[in-house]
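**Student:** Structure: protein-v2.tsv, TSV, C-alpha atoms.
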chain	number	residue	atom	x	y	z
A	1	MET	CA	-5.90	17.46	-13.19
A	2	SER	CA	-8.71	18.33	-15.51
A	3	LYS	CA	-9.75	21.37	-13.53
A	4	ARG	CA	-7.58	23.60	-11.39
A	5	ILE	CA	-8.21	22.62	-7.78
A	6	ALA	CA	-5.08	24.06	-6.22
A	7	GLY	CA	-2.72	26.96	-6.79
A	8	PRO	CA	0.01	26.67	-9.45
A	9	GLU	CA	2.68	26.32	-6.74
A	10	ILE	CA	1.21	23.01	-5.58
A	11	GLU	CA	0.73	21.67	-9.09
A	12	ARG	CA	4.31	22.58	-9.99
A	13	MET	CA	5.51	20.71	-6.92
A	14	ILE	CA	3.58	17.62	-8.01
A	15	GLN	CA	4.91	17.85	-11.57
A	16	LEU	CA	8.52	18.06	-10.39
A	17	LEU	CA	8.10	15.29	-7.81
A	18	ALA	CA	6.70	13.00	-10.50
A	19	LYS	CA	10.08	13.22	-12.28
A	20	LEU	CA	11.86	11.46	-9.43
A	21	PRO	CA	12.68	7.79	-10.04
A	22	GLY	CA	10.19	5.58	-8.25
A	23	LEU	CA	7.45	8.23	-8.10
A	24	GLY	CA	4.64	8.30	-10.66
A	25	PRO	CA	1.88	10.93	-10.90
A	26	ARG	CA	-0.17	9.23	-8.19
A	27	SER	CA	2.62	8.81	-5.66
A	28	ALA	CA	3.87	12.32	-6.46
A	29	ARG	CA	0.48	13.66	-5.36
A	30	ARG	CA	0.62	11.58	-2.20
A	31	ALA	CA	4.15	12.82	-1.52
A	32	ALA	CA	3.10	16.45	-2.14
A	33	LEU	CA	0.18	16.16	0.29
A	34	HIS	CA	2.44	14.54	2.86
A	35	LEU	CA	4.92	17.40	2.47
A	36	ILE	CA	2.17	20.00	2.78
A	37	ARG	CA	0.85	18.37	5.93
A	38	LYS	CA	4.35	18.28	7.43
A	39	LYS	CA	5.26	21.78	6.34
A	40	GLU	CA	7.50	22.63	9.26
A	41	GLN	CA	9.07	19.22	9.81
A	42	LEU	CA	9.61	18.18	6.20
A	43	LEU	CA	8.72	20.64	3.42
A	44	ALA	CA	10.72	23.62	4.66
A	45	PRO	CA	13.76	21.50	5.67
A	46	LEU	CA	13.73	19.75	2.26
A	47	ALA	CA	13.54	23.10	0.49
A	48	ALA	CA	16.61	24.25	2.44
A	49	ALA	CA	18.46	20.94	1.94
A	50	PHE	CA	17.78	20.97	-1.82
A	51	ALA	CA	18.86	24.60	-2.15
A	52	GLU	CA	22.06	23.91	-0.24
A	53	ALA	CA	22.83	20.79	-2.27
A	54	ALA	CA	22.07	22.57	-5.56
A	55	GLU	CA	24.55	25.26	-4.59
A	56	LYS	CA	27.32	23.10	-3.16
A	57	VAL	CA	27.33	19.78	-5.03
A	58	ARG	CA	30.15	19.35	-7.48
A	59	VAL	CA	31.99	16.56	-9.29
A	60	CYS	CA	35.31	15.53	-7.76
A	61	SER	CA	38.11	16.50	-10.17
A	62	ILE	CA	40.17	13.49	-9.10
A	63	CYS	CA	37.74	10.56	-9.11
A	64	GLY	CA	34.45	11.78	-10.66
A	65	ASN	CA	32.41	11.21	-7.48
A	66	VAL	CA	29.82	13.80	-6.49
A	67	ASP	CA	30.18	15.60	-3.19
A	68	THR	CA	29.92	19.01	-1.64
A	69	SER	CA	33.69	19.40	-1.65
A	70	ASP	CA	36.33	18.98	-4.37
A	71	PRO	CA	38.33	16.77	-3.94
A	72	CYS	CA	35.60	14.63	-2.42
A	73	LEU	CA	35.53	13.04	1.05
A	74	VAL	CA	36.57	9.67	-0.36
A	75	CYS	CA	39.66	11.08	-2.10
A	76	THR	CA	40.73	13.14	0.92
A	77	ASP	CA	40.15	10.48	3.58
A	78	PRO	CA	43.69	9.74	4.91
A	79	ARG	CA	42.55	6.39	6.38
A	80	ARG	CA	41.86	4.94	2.94
A	81	ASP	CA	44.43	2.78	1.19
A	82	ALA	CA	45.64	4.96	-1.68
A	83	SER	CA	47.33	2.01	-3.38
A	84	MET	CA	44.01	0.46	-4.44
A	85	ILE	CA	41.51	2.09	-6.79
A	86	ILE	CA	38.07	0.56	-7.35
A	87	VAL	CA	36.77	1.60	-10.78
A	88	VAL	CA	32.97	1.90	-11.01
A	89	GLU	CA	30.60	3.01	-13.74
A	90	ASP	CA	28.53	5.29	-11.62
A	91	VAL	CA	28.29	7.13	-8.29
A	92	ALA	CA	25.43	4.80	-7.33
A	93	ASP	CA	27.85	1.86	-7.64
A	94	LEU	CA	30.37	3.67	-5.44
A	95	TRP	CA	27.70	4.16	-2.77
A	96	ALA	CA	26.60	0.53	-3.05
A	97	LEU	CA	30.15	-0.81	-2.64
A	98	GLU	CA	30.77	1.56	0.27
A	99	ARG	CA	27.64	0.25	2.00
A	100	ALA	CA	29.09	-3.25	1.67
A	101	GLY	CA	32.04	-1.77	3.56
A	102	ALA	CA	34.37	-4.55	2.47
A	103	MET	CA	37.23	-2.44	1.16
A	104	ASN	CA	38.91	0.65	2.51
A	105	ALA	CA	40.13	1.86	-0.86
A	106	ARG	CA	39.87	4.87	-3.15
A	107	PHE	CA	37.45	4.98	-6.08
A	108	HIS	CA	37.26	6.13	-9.66
A	109	VAL	CA	33.91	6.89	-11.27
A	110	LEU	CA	33.91	6.42	-15.05
A	111	GLY	CA	30.55	8.11	-15.54
A	112	GLY	CA	29.19	5.37	-17.81
A	113	THR	CA	30.38	2.59	-20.09
A	114	LEU	CA	31.68	2.45	-23.63
A	115	SER	CA	28.71	2.18	-25.94
A	116	PRO	CA	29.47	2.85	-29.62
A	117	LEU	CA	25.78	2.50	-30.55
A	118	ASP	CA	24.90	5.36	-28.18
A	119	GLY	CA	27.91	7.34	-29.36
A	120	ILE	CA	29.72	7.02	-26.02
A	121	GLY	CA	33.47	6.67	-26.59
A	122	PRO	CA	36.51	6.81	-24.29
A	123	ASP	CA	36.55	10.62	-24.38
A	124	ASP	CA	33.07	10.70	-22.79
A	125	LEU	CA	34.27	8.73	-19.76
A	126	ASN	CA	36.76	9.66	-17.04
A	127	VAL	CA	39.44	7.42	-18.57
A	128	LYS	CA	42.15	10.03	-18.94
A	129	GLN	CA	41.87	10.98	-15.27
A	130	LEU	CA	42.37	7.32	-14.33
A	131	VAL	CA	45.50	7.07	-16.47
A	132	ASP	CA	46.75	10.30	-14.89
A	133	ARG	CA	46.22	8.84	-11.41
A	134	MET	CA	48.19	5.76	-12.44
A	135	ALA	CA	50.97	7.92	-13.88
A	136	ALA	CA	51.19	9.82	-10.59
A	137	GLY	CA	52.33	6.52	-9.04
A	138	GLY	CA	51.59	4.66	-5.83
A	139	VAL	CA	48.71	2.53	-7.14
A	140	LYS	CA	49.28	-1.22	-6.84
A	141	GLU	CA	45.83	-2.61	-7.66
A	142	ILE	CA	42.91	-1.58	-9.84
A	143	VAL	CA	39.61	-3.38	-9.17
A	144	LEU	CA	37.35	-3.18	-12.22
A	145	ALA	CA	33.98	-3.15	-10.44
A	146	VAL	CA	31.94	-2.56	-13.61
A	147	ASN	CA	28.58	-4.18	-14.20
A	148	ALA	CA	28.55	-7.76	-15.54
A	149	THR	CA	26.96	-6.55	-18.79
A	150	VAL	CA	28.31	-6.53	-22.34
A	151	GLU	CA	29.04	-2.78	-22.09
A	152	GLY	CA	30.65	-3.19	-18.68
A	153	GLN	CA	32.92	-5.99	-19.89
A	154	THR	CA	33.82	-4.09	-23.08
A	155	THR	CA	34.81	-1.14	-20.93
A	156	ALA	CA	36.83	-3.40	-18.63
A	157	HIS	CA	38.80	-4.78	-21.60
A	158	TYR	CA	39.42	-1.27	-22.93
A	159	LEU	CA	40.69	-0.09	-19.55
A	160	THR	CA	42.99	-3.13	-19.26
A	161	ASP	CA	44.50	-2.13	-22.61
A	162	GLN	CA	44.95	1.47	-21.52
A	163	LEU	CA	46.62	0.44	-18.28
A	164	SER	CA	48.90	-2.20	-19.82
A	165	GLY	CA	51.89	0.15	-19.64
A	166	PHE	CA	51.72	0.37	-15.84
A	167	GLU	CA	52.92	-2.21	-13.39
A	168	VAL	CA	49.64	-2.75	-11.63
A	169	ARG	CA	47.50	-5.71	-10.59
A	170	ILE	CA	44.15	-5.51	-12.42
A	171	THR	CA	41.34	-7.50	-10.82
A	172	ARG	CA	37.61	-7.86	-11.29
A	173	LEU	CA	34.71	-8.76	-8.99
A	174	ALA	CA	34.05	-12.47	-8.49
A	175	HIS	CA	31.11	-14.11	-10.27
A	176	GLY	CA	29.03	-16.55	-8.24
A	177	VAL	CA	25.89	-17.33	-6.31
A	178	PRO	CA	24.48	-14.23	-4.52
A	179	VAL	CA	24.56	-14.61	-0.73
A	180	GLY	CA	21.12	-15.85	0.28
A	181	GLY	CA	20.34	-16.78	-3.31
A	182	GLU	CA	18.65	-20.00	-4.43
A	183	LEU	CA	20.29	-22.01	-7.20
A	184	ASP	CA	16.94	-22.80	-8.79
A	185	TYR	CA	16.40	-19.13	-9.64
A	186	LEU	CA	19.86	-18.42	-11.05
A	187	ASP	CA	20.78	-18.27	-14.73
A	188	GLU	CA	23.11	-20.82	-16.31
A	189	GLY	CA	25.96	-18.35	-16.79
A	190	THR	CA	26.12	-17.52	-13.10
A	191	LEU	CA	25.89	-21.19	-12.10
A	192	ALA	CA	28.64	-22.15	-14.54
A	193	ALA	CA	30.85	-19.34	-13.20
A	194	ALA	CA	30.14	-20.36	-9.60
A	195	LEU	CA	31.09	-23.98	-10.37
A	196	LYS	CA	34.24	-22.96	-12.18
A	197	SER	CA	35.39	-20.68	-9.35
A	198	ARG	CA	34.42	-23.13	-6.60
A	199	THR	CA	36.50	-22.93	-3.42
A	200	VAL	CA	37.53	-25.46	-0.77
A	201	PHE	CA	34.87	-25.87	1.92
B	1	MET	CA	26.05	4.61	5.65
B	2	SER	CA	28.66	3.05	7.85
B	3	LYS	CA	31.35	5.49	6.76
B	4	ARG	CA	30.98	9.05	5.55
B	5	ILE	CA	31.31	8.99	1.78
B	6	ALA	CA	29.64	12.30	1.00
B	7	GLY	CA	29.21	15.67	2.62
B	8	PRO	CA	26.52	16.17	5.29
B	9	GLU	CA	24.35	18.14	2.84
B	10	ILE	CA	23.88	15.07	0.62
B	11	GLU	CA	23.25	12.73	3.54
B	12	ARG	CA	20.68	15.13	4.98
B	13	MET	CA	18.91	15.23	1.60
B	14	ILE	CA	18.74	11.42	1.57
B	15	GLN	CA	17.45	11.28	5.15
B	16	LEU	CA	14.65	13.76	4.42
B	17	LEU	CA	13.72	12.12	1.10
B	18	ALA	CA	13.40	8.77	2.87
B	19	LYS	CA	10.56	10.25	4.93
B	20	LEU	CA	8.36	10.67	1.85
B	21	PRO	CA	5.62	8.06	1.44
B	22	GLY	CA	6.66	5.50	-1.15
B	23	LEU	CA	10.39	6.13	-0.74
B	24	GLY	CA	12.54	3.93	1.48
B	25	PRO	CA	16.24	4.41	2.23
B	26	ARG	CA	17.27	2.74	-1.03
B	27	SER	CA	14.96	4.68	-3.32
B	28	ALA	CA	15.75	7.88	-1.41
B	29	ARG	CA	19.41	7.41	-2.36
B	30	ARG	CA	18.45	6.80	-5.98
B	31	ALA	CA	16.25	9.89	-5.96
B	32	ALA	CA	19.03	11.97	-4.40
B	33	LEU	CA	21.53	10.87	-7.05
B	34	HIS	CA	19.00	11.59	-9.78
B	35	LEU	CA	18.47	15.06	-8.34
B	36	ILE	CA	22.21	15.71	-8.11
B	37	ARG	CA	22.70	14.63	-11.71
B	38	LYS	CA	19.88	16.91	-12.84
B	39	LYS	CA	20.94	19.82	-10.70
B	40	GLU	CA	19.79	22.57	-13.03
B	41	GLN	CA	16.65	20.91	-14.41
B	42	LEU	CA	15.31	19.32	-11.23
B	43	LEU	CA	17.15	19.95	-7.95
B	44	ALA	CA	17.21	23.75	-8.08
B	45	PRO	CA	13.59	24.04	-9.38
B	46	LEU	CA	12.37	21.65	-6.67
B	47	ALA	CA	14.19	23.65	-4.01
B	48	ALA	CA	12.43	26.78	-5.25
B	49	ALA	CA	9.04	25.07	-5.57
B	50	PHE	CA	9.30	23.59	-2.05
B	51	ALA	CA	10.33	26.93	-0.58
B	52	GLU	CA	7.46	28.71	-2.30
B	53	ALA	CA	4.94	26.08	-1.22
B	54	ALA	CA	6.26	26.09	2.36
B	55	GLU	CA	5.76	29.82	2.44
B	56	LYS	CA	2.39	30.04	0.71
B	57	VAL	CA	0.42	26.89	1.52
B	58	ARG	CA	-2.39	27.37	4.02
B	59	VAL	CA	-5.59	25.63	5.08
B	60	CYS	CA	-8.77	27.10	3.63
B	61	SER	CA	-10.78	28.68	6.46
B	62	ILE	CA	-14.05	27.75	4.75
B	63	CYS	CA	-13.65	24.14	3.69
B	64	GLY	CA	-10.38	22.85	5.21
B	65	ASN	CA	-8.73	22.22	1.81
B	66	VAL	CA	-5.05	23.11	1.39
B	67	ASP	CA	-4.10	25.71	-1.18
B	68	THR	CA	-1.86	28.72	-1.68
B	69	SER	CA	-4.80	31.07	-1.20
B	70	ASP	CA	-7.46	31.37	1.51
B	71	PRO	CA	-10.30	30.86	0.65
B	72	CYS	CA	-9.06	28.14	-1.68
B	73	LEU	CA	-9.56	27.89	-5.45
B	74	VAL	CA	-12.41	25.40	-5.01
B	75	CYS	CA	-14.34	27.67	-2.65
B	76	THR	CA	-13.84	30.78	-4.80
B	77	ASP	CA	-14.58	29.16	-8.17
B	78	PRO	CA	-17.80	30.92	-9.32
B	79	ARG	CA	-18.59	28.12	-11.80
B	80	ARG	CA	-19.09	25.59	-9.04
B	81	ASP	CA	-22.56	24.77	-7.76
B	82	ALA	CA	-22.63	26.29	-4.27
B	83	SER	CA	-25.81	24.42	-3.36
B	84	MET	CA	-23.99	21.08	-3.12
B	85	ILE	CA	-21.22	20.27	-0.65
B	86	ILE	CA	-19.27	17.03	-0.90
B	87	VAL	CA	-17.92	16.10	2.55
B	88	VAL	CA	-14.62	14.20	2.50
B	89	GLU	CA	-12.27	12.94	5.19
B	90	ASP	CA	-9.10	14.21	3.65
B	91	VAL	CA	-7.61	16.52	1.00
B	92	ALA	CA	-6.42	13.41	-0.86
B	93	ASP	CA	-10.08	12.35	-1.21
B	94	LEU	CA	-11.00	15.80	-2.54
B	95	TRP	CA	-8.27	15.51	-5.17
B	96	ALA	CA	-9.36	11.98	-6.08
B	97	LEU	CA	-13.02	12.99	-6.54
B	98	GLU	CA	-11.97	16.05	-8.56
B	99	ARG	CA	-9.93	13.84	-10.88
B	100	ALA	CA	-13.08	11.79	-11.46
B	101	GLY	CA	-14.56	15.12	-12.53
B	102	ALA	CA	-18.13	13.89	-12.09
B	103	MET	CA	-19.45	16.73	-9.95
B	104	ASN	CA	-19.04	20.47	-10.18
B	105	ALA	CA	-19.69	21.07	-6.48
B	106	ARG	CA	-18.03	22.61	-3.45
B	107	PHE	CA	-16.21	20.50	-0.86
B	108	HIS	CA	-15.73	20.25	2.86
B	109	VAL	CA	-12.66	18.52	4.29
B	110	LEU	CA	-13.24	17.03	7.75
B	111	GLY	CA	-9.58	16.36	8.41
B	112	GLY	CA	-10.17	12.82	9.64
B	113	THR	CA	-12.88	10.61	11.09
B	114	LEU	CA	-14.33	10.17	14.55
B	115	SER	CA	-12.22	7.64	16.38
B	116	PRO	CA	-12.79	7.51	20.15
B	117	LEU	CA	-10.01	4.95	20.58
B	118	ASP	CA	-7.50	7.38	19.07
B	119	GLY	CA	-9.00	10.25	21.06
B	120	ILE	CA	-10.39	11.97	17.96
B	121	GLY	CA	-13.73	13.60	18.79
B	122	PRO	CA	-15.99	16.03	16.90
B	123	ASP	CA	-13.93	19.02	18.08
B	124	ASP	CA	-10.87	17.65	16.29
B	125	LEU	CA	-12.68	17.65	12.95
B	126	ASN	CA	-14.01	20.56	10.86
B	127	VAL	CA	-17.59	19.83	11.92
B	128	LYS	CA	-18.42	23.26	13.32
B	129	GLN	CA	-17.35	24.93	10.05
B	130	LEU	CA	-19.70	22.62	8.15
B	131	VAL	CA	-22.63	23.50	10.42
B	132	ASP	CA	-21.73	27.20	9.97
B	133	ARG	CA	-21.81	26.78	6.19
B	134	MET	CA	-25.22	25.14	6.45
B	135	ALA	CA	-26.46	27.94	8.73
B	136	ALA	CA	-25.31	30.52	6.16
B	137	GLY	CA	-27.94	29.01	3.84
B	138	GLY	CA	-28.08	28.11	0.15
B	139	VAL	CA	-26.96	24.48	0.51
B	140	LYS	CA	-29.49	21.95	-0.82
B	141	GLU	CA	-27.48	18.73	-0.78
B	142	ILE	CA	-24.68	17.27	1.32
B	143	VAL	CA	-22.89	14.26	-0.17
B	144	LEU	CA	-21.17	12.26	2.58
B	145	ALA	CA	-18.20	10.96	0.58
B	146	VAL	CA	-16.45	9.36	3.55
B	147	ASN	CA	-14.61	6.08	3.35
B	148	ALA	CA	-16.67	2.88	3.57
B	149	THR	CA	-14.95	1.97	6.85
B	150	VAL	CA	-16.38	1.69	10.35
B	151	GLU	CA	-14.89	5.09	11.29
B	152	GLY	CA	-16.17	6.66	8.09
B	153	GLN	CA	-19.68	5.37	8.63
B	154	THR	CA	-19.67	6.41	12.30
B	155	THR	CA	-18.67	9.89	11.21
B	156	ALA	CA	-21.41	9.92	8.57
B	157	HIS	CA	-24.04	9.05	11.18
B	158	TYR	CA	-22.74	11.73	13.53
B	159	LEU	CA	-22.86	14.36	10.77
B	160	THR	CA	-26.41	13.33	9.84
B	161	ASP	CA	-27.39	13.97	13.47
B	162	GLN	CA	-25.68	17.35	13.52
B	163	LEU	CA	-27.35	18.43	10.28
B	164	SER	CA	-30.82	17.15	11.21
B	165	GLY	CA	-31.98	20.69	12.02
B	166	PHE	CA	-31.41	21.88	8.45
B	167	GLU	CA	-33.64	21.26	5.48
B	168	VAL	CA	-31.05	19.55	3.32
B	169	ARG	CA	-30.82	16.36	1.31
B	170	ILE	CA	-28.10	14.15	2.76
B	171	THR	CA	-26.74	11.50	0.38
B	172	ARG	CA	-23.88	9.04	0.36
B	173	LEU	CA	-21.76	7.42	-2.37
B	174	ALA	CA	-23.24	4.32	-4.01
B	175	HIS	CA	-21.88	0.92	-3.07
B	176	GLY	CA	-21.36	-1.53	-5.91
B	177	VAL	CA	-19.01	-3.29	-8.30
B	178	PRO	CA	-15.96	-1.16	-9.22
B	179	VAL	CA	-15.91	-0.29	-12.94
B	180	GLY	CA	-13.66	-2.87	-14.58
B	181	GLY	CA	-13.88	-5.09	-11.52
B	182	GLU	CA	-14.37	-8.85	-11.57
B	183	LEU	CA	-17.11	-10.32	-9.39
B	184	ASP	CA	-14.95	-13.25	-8.42
B	185	TYR	CA	-12.52	-10.99	-6.58
B	186	LEU	CA	-15.10	-8.92	-4.71
B	187	ASP	CA	-16.09	-9.38	-1.07
B	188	GLU	CA	-19.57	-10.54	-0.10
B	189	GLY	CA	-20.57	-7.18	1.37
B	190	THR	CA	-19.92	-5.35	-1.89
B	191	LEU	CA	-21.69	-8.01	-3.94
B	192	ALA	CA	-24.73	-7.95	-1.63
B	193	ALA	CA	-24.85	-4.15	-1.86
B	194	ALA	CA	-24.51	-4.26	-5.65
B	195	LEU	CA	-27.38	-6.75	-5.90
B	196	LYS	CA	-29.59	-4.77	-3.55
B	197	SER	CA	-28.99	-1.52	-5.46
B	198	ARG	CA	-29.33	-3.14	-8.91
B	199	THR	CA	-30.65	-0.85	-11.66
B	200	VAL	CA	-32.69	-1.44	-14.82
B	201	PHE	CA	-30.49	-2.47	-17.76
Could you express the structure from this file as structure tokens?
**Tutor:**
Amino acid sequence: MSKRIAGPEIERMIQLLAKLPGLGPRSARRAALHLIRKKEQLLAPLAAAFAEAAEKVRVCSICGNVDTSDPCLVCTDPRRDASMIIVVEDVADLWALERAGAMNARFHVLGGTLSPLDGIGPDDLNVKQLVDRMAAGGVKEIVLAVNATVEGQTTAHYLTDQLSGFEVRITRLAHGVPVGGELDYLDEGTLAAALKSRTVF
Amino acid sequence: MSKRIAGPEIERMIQLLAKLPGLGPRSARRAALHLIRKKEQLLAPLAAAFAEAAEKVRVCSICGNVDTSDPCLVCTDPRRDASMIIVVEDVADLWALERAGAMNARFHVLGGTLSPLDGIGPDDLNVKQLVDRMAAGGVKEIVLAVNATVEGQTTAHYLTDQLSGFEVRITRLAHGVPVGGELDYLDEGTLAAALKSRTVF
């Protein structure tokens, strides 16, 4: 704002809100006003929730997930199949796969992908912890649920190498037509993969 | 989430974030993860900023603006022309007009528009405070910067009635072609108004 029209506390709130993904300066102002209007129902509870999260959130020492306990809820859940570990790049991927709810397995969050150009090598990812979990025994299958990008695939190949000494089934996610997707809008690579992996109807 | 994959603190944060305008459940999760990743730079400062705002924000008793002081910064700014009051529906409109930076005047926030169907009458708006400000003297012009909607115009007419006892110039915002706008995309009402109010080139 060119001229000060509100106290520094409100402007600071707007500045910080604008750093959230999906909020620009304009929507940050709208969000700030909304919060101010709903002071009791929203602003104060969010302040408390943020403070509590800032104090309690930590990274799980086993799988790299974030949670308010260490080990995290996923690692300590006795109903999950401990013999299967789904390897993901990021906590967001873990949440996405959990929402799909298709597998009742454990997870391992790498914290990124190998990217020599960005200076990210194996030591920057949670690779050692994964090898340690394998060495501890009991794991029968590793699902490499990395992104279908060059970096993701490079990382998948590296992990396969690292895990070659263990007797474990290493799988990856299927390629194919997204459910609800239209063929006309799909790229050639996906269509070729979907044809190649066709199944009996 | 179908299954608990994170502590209640994180899920509560997501639930509250999803109540912000512009954030749905999906973007609220993304925002929460972003905040968790930037715990020191963003999550903790936002918690503090929200707490401070929740404690300090109040409605200005003169003009109805929100600020951390009462009277607000706009009302107490000695460089503003106290003889002109711009009447707006909402604090968001005040902020928008201030960003335009075209006028160095005071403001008055109505807090809504007359809307009999929604049960919003004159007593629900800051009309009395406006009349009181007029009665205190010194105001030469009232700019009715209400929205160009039916409710906005109804409210403008009502205010004109209420202020008829005072010797004051009552003006409204100009109608016309938005700067940068293309005629082809404008409605007939706007084009007719722009033609009627044409100025010498």
**Student:** Quick one, how far is atom CA of A:Gly111 from atom CA of A:Asn65?
**Tutor:**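 Computed distance, atom CA of A:Gly111 to atom CA of A:Asn65, equals 8.8 Å.
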**Student:** Could you jot down the atom CA of A:Val150 to atom CA of A:Lys19 separation for me, Å, one decimal place?
**Tutor:**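 These two atoms are separated by 28.7 Å.
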**Student:** Using Å and a single decimal, report how far atom CA of B:Ile10 sits from atom CA of A:Leu130.
**Tutor:**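 Computed distance, atom CA of A:Leu130 to atom CA of B:Ile10, equals 25.0 Å.
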**Student:** Could you list, as an mmCIF file with C-alpha atoms, in the frame of the given file, every residue of chain A that has an atom within 6 Å of an atom of chain B, counting only C-alpha atoms?
**Tutor:**
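So iface_6.cif came out as:
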data_model
loop_
_atom_site.group_PDB
_atom_site.id
_atom_site.type_symbol
_atom_site.label_atom_id
_atom_site.label_comp_id
_atom_site.auth_asym_id
_atom_site.auth_seq_id
_atom_site.Cartn_x
_atom_site.Cartn_y
_atom_site.Cartn_z
ATOM 1 C CA MET A 1 -5.900 17.460 -13.190
ATOM 2 C CA ILE A 5 -8.210 22.620 -7.780
ATOM 3 C CA ALA A 6 -5.080 24.060 -6.220
ATOM 4 C CA GLY A 7 -2.720 26.960 -6.790
ATOM 5 C CA GLU A 9 2.680 26.320 -6.740
ATOM 6 C CA MET A 13 5.510 20.710 -6.920
ATOM 7 C CA LEU A 20 11.860 11.460 -9.430
ATOM 8 C CA PRO A 21 12.680 7.790 -10.040
ATOM 9 C CA ALA A 31 4.150 12.820 -1.520
ATOM 10 C CA LYS A 39 5.260 21.780 6.340
ATOM 11 C CA ALA A 44 10.720 23.620 4.660
ATOM 12 C CA ALA A 47 13.540 23.100 0.490
ATOM 13 C CA ALA A 49 18.460 20.940 1.940
ATOM 14 C CA PHE A 50 17.780 20.970 -1.820
ATOM 15 C CA ALA A 51 18.860 24.600 -2.150
ATOM 16 C CA ALA A 53 22.830 20.790 -2.270
ATOM 17 C CA ALA A 54 22.070 22.570 -5.560
ATOM 18 C CA ASP A 67 30.180 15.600 -3.190
ATOM 19 C CA THR A 68 29.920 19.010 -1.640
ATOM 20 C CA LEU A 73 35.530 13.040 1.050
ATOM 21 C CA VAL A 74 36.570 9.670 -0.360
ATOM 22 C CA ARG A 99 27.640 0.250 2.000
#
**Student:** Which polymer residues have any atom within 9 Å of an atom of A:Thr155, counting all atoms listed in the file, with same-chain residues fewer than 4 positions away left out, as a PyMOL selection string?
**Tutor:** chain A and resi 113-115+122+146+150-151+159-160
**Student:** Selected residues, C-alpha atoms, written as a compact mmCIF listing (two decimals), in the frame of the given file, please.
**Tutor:**
# COMPACT_ATOMS: atom_id res chain seq x y z
CA THR A 113 30.38 2.59 -20.09
CA LEU A 114 31.68 2.45 -23.63
CA SER A 115 28.71 2.18 -25.94
CA PRO A 122 36.51 6.81 -24.29
CA VAL A 146 31.94 -2.56 -13.61
CA VAL A 150 28.31 -6.53 -22.34
CA GLU A 151 29.04 -2.78 -22.09
CA LEU A 159 40.69 -0.09 -19.55
CA THR A 160 42.99 -3.13 -19.26
**Student:** Could you list, as a PyMOL selection string, every residue within 10 Å of B:Asn147, counting all atoms listed in the file and ignoring same-chain residues fewer than 2 positions away?
**Tutor:** chain B and resi 88-90+93+113+144-145+149-153+155-156+173
